[in-house]
>>> print(open('coords.cif').read())   # mmCIF, C-alpha atoms
data_target
loop_
_atom_site.label_atom_id
_atom_site.label_comp_id
_atom_site.auth_asym_id
_atom_site.auth_seq_id
_atom_site.Cartn_x
_atom_site.Cartn_y
_atom_site.Cartn_z
CA MET A 1 -27.29 -6.29 -13.19
CA SER A 2 -28.25 -9.88 -12.50
CA GLU A 3 -25.32 -11.17 -14.55
CA HIS A 4 -22.96 -9.59 -11.98
CA SER A 5 -24.70 -10.60 -8.80
CA SER A 6 -23.16 -14.03 -8.48
CA SER A 7 -19.83 -12.48 -7.46
CA ASN A 8 -21.46 -11.23 -4.25
CA ASP A 9 -23.16 -14.44 -3.24
CA HIS A 10 -20.18 -15.84 -1.36
CA GLU A 11 -17.57 -14.32 0.87
CA PRO A 12 -14.34 -14.08 -1.18
CA LYS A 13 -11.23 -15.73 0.24
CA LEU A 14 -8.16 -13.76 1.28
CA PHE A 15 -5.29 -15.60 -0.39
CA GLU A 16 -7.24 -16.42 -3.54
CA THR A 17 -8.06 -12.72 -3.91
CA ILE A 18 -4.47 -11.61 -3.27
CA HIS A 19 -3.10 -14.12 -5.77
CA THR A 20 -5.61 -13.35 -8.54
CA LEU A 21 -5.66 -9.56 -8.24
CA ARG A 22 -4.43 -7.95 -11.41
CA ALA A 23 -4.84 -4.64 -13.19
CA MET A 24 -8.04 -4.81 -15.25
CA ARG A 25 -7.97 -2.02 -17.81
CA ARG A 26 -10.89 -2.94 -20.08
CA LEU A 27 -14.20 -2.01 -18.49
CA LYS A 28 -17.84 -2.51 -19.38
CA PRO A 29 -20.01 0.62 -19.40
CA ASP A 30 -22.41 -0.89 -16.79
CA PRO A 31 -22.71 1.33 -13.69
CA VAL A 32 -21.15 0.33 -10.36
CA PRO A 33 -23.89 0.00 -7.71
CA PRO A 34 -23.43 2.61 -4.92
CA GLU A 35 -23.52 -0.12 -2.24
CA LEU A 36 -20.49 -1.80 -3.84
CA LEU A 37 -18.59 1.49 -3.90
CA LYS A 38 -19.38 1.84 -0.19
CA LYS A 39 -17.96 -1.62 0.53
CA VAL A 40 -14.84 -0.76 -1.44
CA LEU A 41 -14.25 2.49 0.45
CA ALA A 42 -15.05 0.85 3.81
CA ALA A 43 -12.25 -1.61 3.04
CA GLY A 44 -9.95 1.27 2.09
CA VAL A 45 -10.29 3.09 5.41
CA CYS A 46 -9.37 -0.09 7.33
CA ALA A 47 -5.75 0.40 6.23
CA PRO A 48 -3.14 1.26 8.86
CA SER A 49 -1.85 4.82 9.09
CA GLY A 50 0.85 6.48 11.16
CA GLN A 51 -0.62 7.07 14.65
CA ASN A 52 -4.04 6.21 13.14
CA THR A 53 -4.30 9.66 11.54
CA GLN A 54 -6.35 8.18 8.65
CA PRO A 55 -5.09 10.88 6.27
CA TRP A 56 -7.07 9.78 3.19
CA ALA A 57 -10.02 11.27 1.34
CA PHE A 58 -11.84 10.21 -1.82
CA VAL A 59 -13.11 12.15 -4.80
CA VAL A 60 -15.23 9.93 -7.03
CA LEU A 61 -15.56 11.17 -10.61
CA ARG A 62 -18.91 10.03 -11.96
CA SER A 63 -20.34 12.90 -14.06
CA ALA A 64 -19.65 12.75 -17.80
CA GLU A 65 -18.18 16.24 -17.63
CA THR A 66 -15.55 15.59 -14.93
CA LYS A 67 -14.66 12.20 -16.39
CA LEU A 68 -14.09 13.84 -19.78
CA PHE A 69 -11.95 16.56 -18.13
CA PHE A 70 -9.84 13.86 -16.48
CA GLY A 71 -9.76 11.45 -19.42
CA THR A 72 -8.66 14.05 -21.98
CA ARG A 73 -5.70 15.10 -19.85
CA TYR A 74 -4.86 11.52 -18.89
CA LEU A 75 -4.59 10.53 -22.58
CA SER A 76 -2.30 13.49 -23.25
CA ALA A 77 -0.16 12.49 -20.25
CA MET A 78 0.04 8.93 -21.58
CA ARG A 79 1.26 10.19 -24.96
CA LYS A 80 3.75 12.50 -23.26
CA ALA A 81 5.10 9.80 -20.94
CA PHE A 82 5.31 6.94 -23.42
CA GLY A 83 5.55 8.75 -26.76
CA ASP A 84 6.85 6.57 -29.56
CA ARG A 85 6.60 3.43 -27.46
CA LEU A 86 2.83 3.58 -28.04
CA ARG A 87 3.32 2.82 -31.76
CA LEU A 88 3.40 -0.86 -31.04
CA SER A 89 3.27 -3.58 -33.58
CA ALA A 90 0.19 -5.71 -33.09
CA ASP A 91 2.53 -8.66 -33.62
CA ASP A 92 4.46 -7.95 -30.43
CA LEU A 93 2.97 -10.38 -27.94
CA SER A 94 5.53 -9.83 -25.17
CA ALA A 95 4.13 -9.14 -21.70
CA ASN A 96 5.45 -5.57 -21.83
CA ALA A 97 3.78 -4.86 -25.16
CA ARG A 98 0.48 -6.32 -24.01
CA THR A 99 0.55 -4.28 -20.81
CA LEU A 100 1.35 -1.09 -22.71
CA ARG A 101 -1.45 -1.74 -25.21
CA ALA A 102 -3.90 -2.30 -22.36
CA ALA A 103 -2.68 0.87 -20.62
CA TYR A 104 -3.16 2.85 -23.83
CA HIS A 105 -6.62 1.34 -24.30
CA LEU A 106 -7.43 2.46 -20.77
CA ALA A 107 -6.19 5.98 -21.50
CA GLU A 108 -8.29 6.25 -24.67
CA HIS A 109 -11.38 5.03 -22.82
CA MET A 110 -10.72 6.56 -19.38
CA HIS A 111 -13.65 9.00 -19.72
CA GLU A 112 -16.01 6.05 -20.28
CA ALA A 113 -15.11 4.31 -16.99
CA PRO A 114 -18.22 4.10 -14.80
CA LEU A 115 -16.24 5.62 -11.92
CA ILE A 116 -12.79 7.13 -11.53
CA LEU A 117 -11.81 7.04 -7.88
CA LEU A 118 -9.19 9.59 -6.85
CA VAL A 119 -7.53 8.60 -3.59
CA CYS A 120 -6.15 11.68 -1.85
CA GLY A 121 -3.78 12.00 1.10
CA ARG A 122 -3.08 14.76 3.59
CA ARG A 123 0.35 16.28 2.99
CA ASP A 124 2.87 15.46 5.68
CA TRP A 125 6.68 15.46 5.78
CA PRO A 126 8.17 12.02 6.48
CA PHE A 127 10.34 11.61 9.61
CA ALA A 128 13.42 11.38 7.44
CA VAL A 129 13.19 14.88 5.97
CA PRO A 130 15.09 17.33 8.21
CA ALA A 131 13.55 20.72 9.02
CA GLU A 132 15.86 22.66 6.68
CA LYS A 133 14.72 20.56 3.71
CA ARG A 134 11.02 21.06 4.35
CA VAL A 135 10.59 23.60 1.57
CA GLY A 136 7.39 23.99 -0.45
CA LYS A 137 4.50 21.54 -0.25
CA ALA A 138 4.97 18.27 1.66
CA PRO A 139 4.11 15.15 -0.35
CA PRO A 140 0.90 13.26 0.51
CA SER A 141 1.43 10.50 3.13
CA TYR A 142 2.25 7.68 0.73
CA GLY A 143 2.93 5.22 3.55
CA SER A 144 -0.64 5.50 4.79
CA VAL A 145 -2.47 6.08 1.53
CA TYR A 146 -1.01 3.25 -0.58
CA PRO A 147 -2.08 0.55 1.92
CA CYS A 148 -5.58 2.07 1.60
CA VAL A 149 -5.24 1.86 -2.20
CA GLN A 150 -4.29 -1.81 -1.98
CA ASN A 151 -7.30 -2.56 0.24
CA ILE A 152 -9.47 -0.83 -2.39
CA LEU A 153 -8.02 -2.93 -5.22
CA LEU A 154 -8.47 -6.14 -3.22
CA ALA A 155 -12.04 -5.21 -2.32
CA CYS A 156 -12.83 -4.53 -5.99
CA ARG A 157 -11.39 -7.91 -6.94
CA GLY A 158 -13.38 -9.60 -4.19
CA LEU A 159 -16.58 -7.99 -5.43
CA GLY A 160 -15.90 -8.91 -9.06
CA LEU A 161 -15.06 -5.33 -10.08
CA ALA A 162 -12.21 -4.40 -12.42
CA ALA A 163 -9.79 -1.72 -11.27
CA SER A 164 -6.25 -0.55 -11.86
CA LEU A 165 -3.81 1.70 -10.03
CA THR A 166 -2.70 4.69 -12.10
CA THR A 167 -0.46 7.65 -11.22
CA LEU A 168 -0.09 9.50 -14.54
CA HIS A 169 -2.33 12.29 -13.20
CA GLN A 170 0.90 13.56 -11.63
CA LEU A 171 1.68 15.08 -15.03
CA PHE A 172 -1.38 17.37 -14.78
CA ASP A 173 -1.74 17.47 -11.03
CA ASP A 174 -1.92 21.25 -10.54
CA GLU A 175 -4.66 21.65 -13.13
CA LEU A 176 -6.60 18.68 -11.73
CA CYS A 177 -6.39 19.86 -8.12
CA ALA A 178 -7.58 23.33 -9.16
CA GLN A 179 -10.51 21.94 -11.18
CA LEU A 180 -11.66 19.66 -8.34
CA GLU A 181 -10.97 22.28 -5.65
CA ILE A 182 -8.66 19.96 -3.71
CA PRO A 183 -7.43 21.91 -0.66
CA ALA A 184 -3.71 22.73 -0.56
CA GLU A 185 -3.13 20.42 2.41
CA TYR A 186 -4.14 17.36 0.35
CA GLY A 187 -2.64 15.75 -2.73
CA ILE A 188 -3.98 13.16 -5.18
CA VAL A 189 -2.06 9.88 -4.78
CA SER A 190 -3.72 7.59 -7.28
CA ALA A 191 -6.56 7.50 -9.81
CA ILE A 192 -8.41 4.18 -9.99
CA PRO A 193 -10.89 3.60 -12.84
CA ILE A 194 -13.52 1.10 -11.65
CA GLY A 195 -16.19 -0.89 -13.48
CA TYR A 196 -17.21 -4.40 -14.35
CA PRO A 197 -14.51 -6.26 -16.29
CA ALA A 198 -14.76 -6.69 -20.06
CA GLY A 199 -12.98 -10.02 -20.15
CA LYS A 200 -11.64 -12.43 -17.60
CA PHE A 201 -9.19 -11.99 -14.74
CA GLY A 202 -6.20 -13.64 -16.42
CA PRO A 203 -3.13 -15.08 -14.72
CA VAL A 204 -0.72 -12.92 -12.73
CA SER A 205 3.01 -13.19 -13.50
CA ARG A 206 5.38 -12.54 -10.63
CA GLN A 207 8.89 -13.55 -9.70
CA ASP A 208 9.47 -16.19 -7.01
CA PRO A 209 9.82 -14.27 -3.72
CA VAL A 210 12.71 -16.55 -2.74
CA SER A 211 14.78 -14.83 -5.43
CA VAL A 212 14.52 -11.48 -3.62
CA THR A 213 14.60 -12.66 0.02
CA TYR A 214 17.75 -12.41 2.11
CA PHE A 215 18.48 -13.14 5.76
CA ASP A 216 20.28 -10.75 8.14
CA ARG A 217 22.27 -9.18 5.30
CA TRP A 218 21.62 -8.28 1.63
CA GLY A 219 22.58 -11.24 -0.54
CA ALA A 220 22.68 -13.81 2.30
CA LEU A 221 20.36 -16.80 1.92
CA MET B 1 3.27 -24.93 17.86
CA SER B 2 0.03 -26.90 18.00
CA GLU B 3 -1.70 -24.08 19.84
CA HIS B 4 -1.25 -21.89 16.74
CA SER B 5 -2.22 -24.37 14.07
CA SER B 6 -5.96 -23.79 14.18
CA SER B 7 -5.51 -20.44 12.41
CA ASN B 8 -4.33 -22.31 9.31
CA ASP B 9 -7.08 -24.89 9.20
CA HIS B 10 -9.50 -22.77 7.22
CA GLU B 11 -9.03 -20.33 4.38
CA PRO B 12 -9.38 -16.83 5.85
CA LYS B 13 -12.01 -14.54 4.37
CA LEU B 14 -11.09 -11.34 2.53
CA PHE B 15 -13.37 -8.73 4.07
CA GLU B 16 -13.18 -10.19 7.58
CA THR B 17 -9.38 -10.01 7.36
CA ILE B 18 -9.38 -6.45 6.00
CA HIS B 19 -11.79 -5.28 8.71
CA THR B 20 -9.98 -6.95 11.62
CA LEU B 21 -6.40 -6.14 10.62
CA ARG B 22 -4.74 -3.99 13.23
CA ALA B 23 -1.21 -3.26 14.39
CA MET B 24 -0.23 -5.96 16.89
CA ARG B 25 2.79 -4.74 18.83
CA ARG B 26 3.02 -7.32 21.65
CA LEU B 27 4.58 -10.54 20.40
CA LYS B 28 5.23 -13.96 21.88
CA PRO B 29 8.79 -15.27 21.60
CA ASP B 30 7.63 -18.40 19.70
CA PRO B 31 9.36 -18.74 16.33
CA VAL B 32 7.52 -18.13 13.06
CA PRO B 33 7.56 -21.30 10.93
CA PRO B 34 9.50 -20.76 7.66
CA GLU B 35 6.55 -22.01 5.59
CA LEU B 36 4.36 -19.23 7.01
CA LEU B 37 7.00 -16.62 6.18
CA LYS B 38 7.01 -17.98 2.62
CA LYS B 39 3.23 -17.61 2.38
CA VAL B 40 3.49 -14.05 3.68
CA LEU B 41 6.15 -13.06 1.13
CA ALA B 42 4.33 -14.86 -1.69
CA ALA B 43 1.33 -12.63 -0.89
CA GLY B 44 3.60 -9.58 -0.84
CA VAL B 45 4.94 -10.06 -4.36
CA CYS B 46 1.39 -10.31 -5.76
CA ALA B 47 1.04 -6.55 -5.29
CA PRO B 48 0.76 -4.35 -8.38
CA SER B 49 3.77 -2.30 -9.46
CA GLY B 50 4.33 0.28 -12.18
CA GLN B 51 4.80 -1.63 -15.47
CA ASN B 52 5.10 -4.79 -13.37
CA THR B 53 8.69 -3.93 -12.40
CA GLN B 54 8.26 -5.70 -9.00
CA PRO B 55 10.82 -3.38 -7.40
CA TRP B 56 10.74 -4.97 -3.93
CA ALA B 57 13.24 -7.07 -1.99
CA PHE B 58 13.19 -8.46 1.55
CA VAL B 59 15.81 -8.65 4.26
CA VAL B 60 14.59 -10.79 7.16
CA LEU B 61 16.36 -10.13 10.45
CA ARG B 62 16.37 -13.35 12.46
CA SER B 63 19.79 -13.63 14.15
CA ALA B 64 20.01 -12.31 17.73
CA GLU B 65 22.91 -10.09 16.69
CA THR B 66 21.21 -8.25 13.81
CA LYS B 67 17.94 -7.96 15.74
CA LEU B 68 19.83 -6.36 18.63
CA PHE B 69 21.60 -3.99 16.22
CA PHE B 70 18.23 -2.96 14.82
CA GLY B 71 16.35 -2.91 18.14
CA THR B 72 18.88 -0.74 19.97
CA ARG B 73 18.78 1.93 17.28
CA TYR B 74 15.01 1.68 16.90
CA LEU B 75 14.51 2.39 20.60
CA SER B 76 16.82 5.42 20.39
CA ALA B 77 14.87 6.65 17.36
CA MET B 78 11.61 6.24 19.28
CA ARG B 79 12.97 8.34 22.15
CA LYS B 80 14.26 10.95 19.71
CA ALA B 81 10.98 11.14 17.77
CA PHE B 82 8.56 11.12 20.70
CA GLY B 83 10.71 12.42 23.58
CA ASP B 84 8.69 13.62 26.53
CA ARG B 85 5.46 12.25 25.09
CA LEU B 86 6.70 8.80 26.16
CA ARG B 87 6.40 9.75 29.85
CA LEU B 88 2.75 8.84 29.82
CA SER B 89 0.55 8.56 32.82
CA ALA B 90 -0.71 5.00 33.20
CA ASP B 91 -4.08 6.62 33.94
CA ASP B 92 -4.37 8.03 30.44
CA LEU B 93 -6.67 5.55 28.68
CA SER B 94 -7.22 7.60 25.51
CA ALA B 95 -6.69 5.80 22.19
CA ASN B 96 -3.62 7.93 21.47
CA ALA B 97 -2.01 7.15 24.82
CA ARG B 98 -2.68 3.44 24.45
CA THR B 99 -1.21 3.39 20.94
CA LEU B 100 1.88 5.29 22.08
CA ARG B 101 2.37 2.92 25.04
CA ALA B 102 2.11 -0.08 22.73
CA ALA B 103 4.53 1.52 20.26
CA TYR B 104 6.99 2.15 23.07
CA HIS B 105 6.57 -1.42 24.32
CA LEU B 106 7.34 -2.60 20.79
CA ALA B 107 10.48 -0.43 20.66
CA GLU B 108 11.74 -1.78 24.00
CA HIS B 109 11.16 -5.36 22.86
CA MET B 110 11.95 -5.00 19.15
CA HIS B 111 15.10 -7.14 19.43
CA GLU B 112 12.99 -9.99 20.87
CA ALA B 113 10.64 -10.16 17.88
CA PRO B 114 10.97 -13.58 16.24
CA LEU B 115 11.45 -11.88 12.86
CA ILE B 116 11.90 -8.31 11.71
CA LEU B 117 11.02 -8.07 8.03
CA LEU B 118 12.61 -5.16 6.16
CA VAL B 119 10.74 -4.41 2.96
CA CYS B 120 13.04 -2.69 0.49
CA GLY B 121 12.28 -0.91 -2.78
CA ARG B 122 14.35 -0.05 -5.82
CA ARG B 123 14.96 3.70 -6.01
CA ASP B 124 13.11 5.41 -8.83
CA TRP B 125 12.07 9.00 -9.48
CA PRO B 126 8.29 9.48 -9.74
CA PHE B 127 6.88 10.86 -13.02
CA ALA B 128 6.12 14.13 -11.31
CA VAL B 129 9.73 15.04 -10.49
CA PRO B 130 11.21 17.01 -13.39
CA ALA B 131 14.74 16.23 -14.60
CA GLU B 132 16.30 19.33 -13.02
CA LYS B 133 15.04 18.30 -9.57
CA ARG B 134 16.44 14.76 -9.76
CA VAL B 135 19.36 15.50 -7.46
CA GLY B 136 20.90 12.91 -5.13
CA LYS B 137 19.30 9.55 -4.46
CA ALA B 138 15.80 8.85 -5.75
CA PRO B 139 13.35 7.64 -3.09
CA PRO B 140 12.30 3.97 -3.11
CA SER B 141 9.15 3.32 -5.21
CA TYR B 142 6.59 3.87 -2.46
CA GLY B 143 3.67 3.40 -4.85
CA SER B 144 4.72 -0.16 -5.59
CA VAL B 145 6.23 -1.17 -2.27
CA TYR B 146 3.45 -0.07 0.10
CA PRO B 147 0.81 -2.20 -1.66
CA CYS B 148 3.24 -5.12 -1.15
CA VAL B 149 3.50 -4.13 2.54
CA GLN B 150 -0.29 -4.14 2.88
CA ASN B 151 -0.51 -7.61 1.30
CA ILE B 152 2.11 -8.76 3.83
CA LEU B 153 0.13 -7.36 6.77
CA LEU B 154 -3.11 -8.94 5.51
CA ALA B 155 -1.38 -12.30 4.96
CA CYS B 156 0.00 -12.20 8.52
CA ARG B 157 -3.46 -11.45 9.88
CA GLY B 158 -4.95 -14.26 7.80
CA LEU B 159 -2.36 -16.69 9.17
CA GLY B 160 -2.89 -15.58 12.78
CA LEU B 161 0.44 -13.73 12.97
CA ALA B 162 0.90 -10.36 14.66
CA ALA B 163 2.62 -7.61 12.68
CA SER B 164 2.87 -3.85 12.54
CA LEU B 165 4.08 -1.34 9.98
CA THR B 166 6.93 0.84 11.26
CA THR B 167 9.01 3.51 9.53
CA LEU B 168 11.16 4.94 12.36
CA HIS B 169 14.23 3.23 10.85
CA GLN B 170 14.33 6.32 8.62
CA LEU B 171 16.07 8.06 11.53
CA PHE B 172 19.05 5.65 11.31
CA ASP B 173 18.67 4.63 7.68
CA ASP B 174 22.26 5.27 6.51
CA GLU B 175 23.76 3.24 9.35
CA LEU B 176 21.25 0.42 8.82
CA CYS B 177 21.80 0.23 5.07
CA ALA B 178 25.57 0.13 5.61
CA GLN B 179 25.31 -2.61 8.23
CA LEU B 180 23.06 -4.79 6.08
CA GLU B 181 24.98 -4.00 2.88
CA ILE B 182 21.86 -2.74 1.10
CA PRO B 183 22.95 -1.67 -2.40
CA ALA B 184 22.73 2.05 -3.19
CA GLU B 185 19.95 1.50 -5.73
CA TYR B 186 17.59 0.19 -3.02
CA GLY B 187 16.09 1.80 0.07
CA ILE B 188 14.33 0.36 3.12
CA VAL B 189 10.65 1.34 3.08
CA SER B 190 9.27 -0.34 6.19
CA ALA B 191 10.33 -2.60 9.07
CA ILE B 192 7.67 -5.13 10.13
CA PRO B 193 8.21 -7.11 13.36
CA ILE B 194 6.37 -10.44 13.05
CA GLY B 195 5.46 -13.10 15.61
CA TYR B 196 2.52 -14.76 17.27
CA PRO B 197 0.31 -12.27 19.10
CA ALA B 198 0.52 -11.92 22.88
CA GLY B 199 -3.12 -11.02 23.35
CA LYS B 200 -6.15 -10.79 21.13
CA PHE B 201 -6.82 -8.89 17.92
CA GLY B 202 -8.96 -6.11 19.43
CA PRO B 203 -11.39 -3.85 17.60
CA VAL B 204 -10.27 -1.41 14.92
CA SER B 205 -11.44 2.21 15.15
CA ARG B 206 -11.86 4.08 11.89
CA GLN B 207 -13.90 7.02 10.68
CA ASP B 208 -16.97 6.44 8.49
CA PRO B 209 -15.70 6.60 4.88
CA VAL B 210 -18.79 8.61 3.94
CA SER B 211 -17.31 11.51 5.93
CA VAL B 212 -14.31 11.72 3.57
CA THR B 213 -15.99 10.84 0.25
CA TYR B 214 -16.91 13.49 -2.28
CA PHE B 215 -18.33 13.34 -5.79
CA ASP B 216 -16.88 15.18 -8.82
CA ARG B 217 -15.50 18.00 -6.65
CA TRP B 218 -13.95 18.25 -3.15
CA GLY B 219 -16.73 18.87 -0.61
CA ALA B 220 -19.60 17.82 -2.91
CA LEU B 221 -21.78 14.95 -1.66
#
>>> encode(input="coords.cif", output="structure tokens")
Amino acid sequence: MSEHSSSNDHEPKLFETIHTLRAMRRLKPDPVPPELLKKVLAAGVCAPSGQNTQPWAFVVLRSAETKLFFGTRYLSAMRKAFGDRLRLSADDLSANARTLRAAYHLAEHMHEAPLILLVCGRRDWPFAVPAEKRVGKAPPSYGSVYPCVQNILLACRGLGLAASLTTLHQLFDDELCAQLEIPAEYGIVSAIPIGYPAGKFGPVSRQDPVSVTYFDRWGAL
Amino acid sequence: MSEHSSSNDHEPKLFETIHTLRAMRRLKPDPVPPELLKKVLAAGVCAPSGQNTQPWAFVVLRSAETKLFFGTRYLSAMRKAFGDRLRLSADDLSANARTLRAAYHLAEHMHEAPLILLVCGRRDWPFAVPAEKRVGKAPPSYGSVYPCVQNILLACRGLGLAASLTTLHQLFDDELCAQLEIPAEYGIVSAIPIGYPAGKFGPVSRQDPVSVTYFDRWGAL
């Protein structure tokens, strides 16, 4: 693993990490050292949560068998969600086409990811849902779990690990929760394949925040 | 503002920032320089979003009038949500009691915050919601907007600014959206009061992530 160690020799910088974080969907097969996974999860649990309830939990898929179970269903979900849009011309070099190709590559190789981190959240009705509408299962606490997810992605980037935020497991959520014996009071919020990057962290394209910032009233500059 | 400038003299470190980020609910009245707000929002828009749709927008409350509009209703919402639990004994030094006192202090002084940043998200049904259940307004894209919120909180911490993630505006959301002329296709996800901290960034208490980490199946170590 010596080729990877240089990324841990210095303390990564906050803004540089934030500005160079991007979804990395092509992973090397090299294993992720357990001490790096610990650092990633320790960053995750530093996230804020409503009244500090810390409603997250992690299921790390690392056996070939569970990764294959997940990967097979994830690829089917990808085909179901994107269908014909996956028949992309290799000539289409638009950002959308490149992202979709990378997402499809990820789906086809999901089972080969060194780790697939499932970030779970305790189910809890948001303030806004009145009592009479609280029917069936509450959703997981997105407002607490997604900040944890972002800390995880930033920590991966800081440690030189490739990761990407996926949510397509929602299309086979019941089957996945049953297989992994997730208790009814938790839900899976995101699945994050993690490994060393095959390729470089390329540039990140984002709009200028000024174009979506208003003062005191929508539309006012 | 010279007393604050030292926090910008060095590039903040990623893991130190993640591990020392905490809700800071007591703010000085000193204004937040516009260039710092720009850095904070530039960090926000670096967050990942589904198919890079970047579905966020920001409404910054900075006029006394709109802050008072927001603060008055926020305090009422706090009383409604927490009711009798706000009559806390000053002797109760438990973590919960201290957090609730600070949250109540924030509510009473919300209108005095130098800035109140409303982070909005375009409404979009998640994959998991089948067509027949897509009734009424879709929720804002939590999965894209909360990572942006976490980047904003980390950027504030890195710049020496105090901030905290609040969601109680949900209890007066319709009135707030009408007042601020938020278009129907957007929703307000979080309100973040921002200013210089009155006091120090104290320690952060979190569980050991090992206690909520399983491998290949819930409960398996």
>>> residues_around(input="coords.cif", residues="His169 in chain B", least_positions_apart="3", cutoff="9 Å", atoms="only C-alpha atoms", output="list in words")
Ala128 of chain A; Phe70, Arg73, Tyr74, Ala77, Thr166, Phe172, Asp173, Leu176, Ile188, Val189, Ser190 and Ala191 of chain B
>>> closest_residue(input="coords.cif", among="B:Pro29, B:Pro193, B:Gly199, B:Pro209", to="chain A", atoms="all atoms listed in the file")
B:Pro209
>>> resolve_selection(input="coords.cif", expression="the PyMOL selection byres ((chain B) within 6 of (chain A))", output="list in words")
Pro12, Lys13, Leu14, His19, Ala42, Cys46, Ala57, Phe58, Val59, Val60, Leu61, Ala128, Tyr146, Pro147, Gln150, Gln170, Leu171, Leu180, Glu181, Ile182, Pro209, Val212, Thr213, Tyr214, Phe215, Asp216, Arg217 and Trp218 of chain B
>>> closest_residue(input="coords.cif", among="A:Ala184, A:Ala102, A:Ala138, A:Gly160", to="Arg26 in chain A", atoms="all atoms listed in the file")
A:Ala102
>>> atom_distance(input="coords.cif", atom1="CA of Asp30 in chain B", atom2="CA of Arg101 in chain B")
22.6 Å
>>> atom_distance(input="coords.cif", atom1="CA of Leu37 in chain A", atom2="CA of Arg123 in chain A")
25.0 Å
>>> residues_around(input="coords.cif", residues="range 161-163 of chain A", least_positions_apart="6", cutoff="7 Å", atoms="all atoms listed in the file", output="PyMOL selection string")
chain A and resi 23-25+27+153+192-197
>>> atom_distance(input="coords.cif", atom1="CA of Ser76 in chain A", atom2="CA of Ala97 in chain A")
19.4 Å
>>> closest_residue(input="coords.cif", among="A:Asp124, A:Glu185, A:Glu112, A:Glu35", to="Leu159 in chain A", atoms="only C-alpha atoms")
A:Glu35
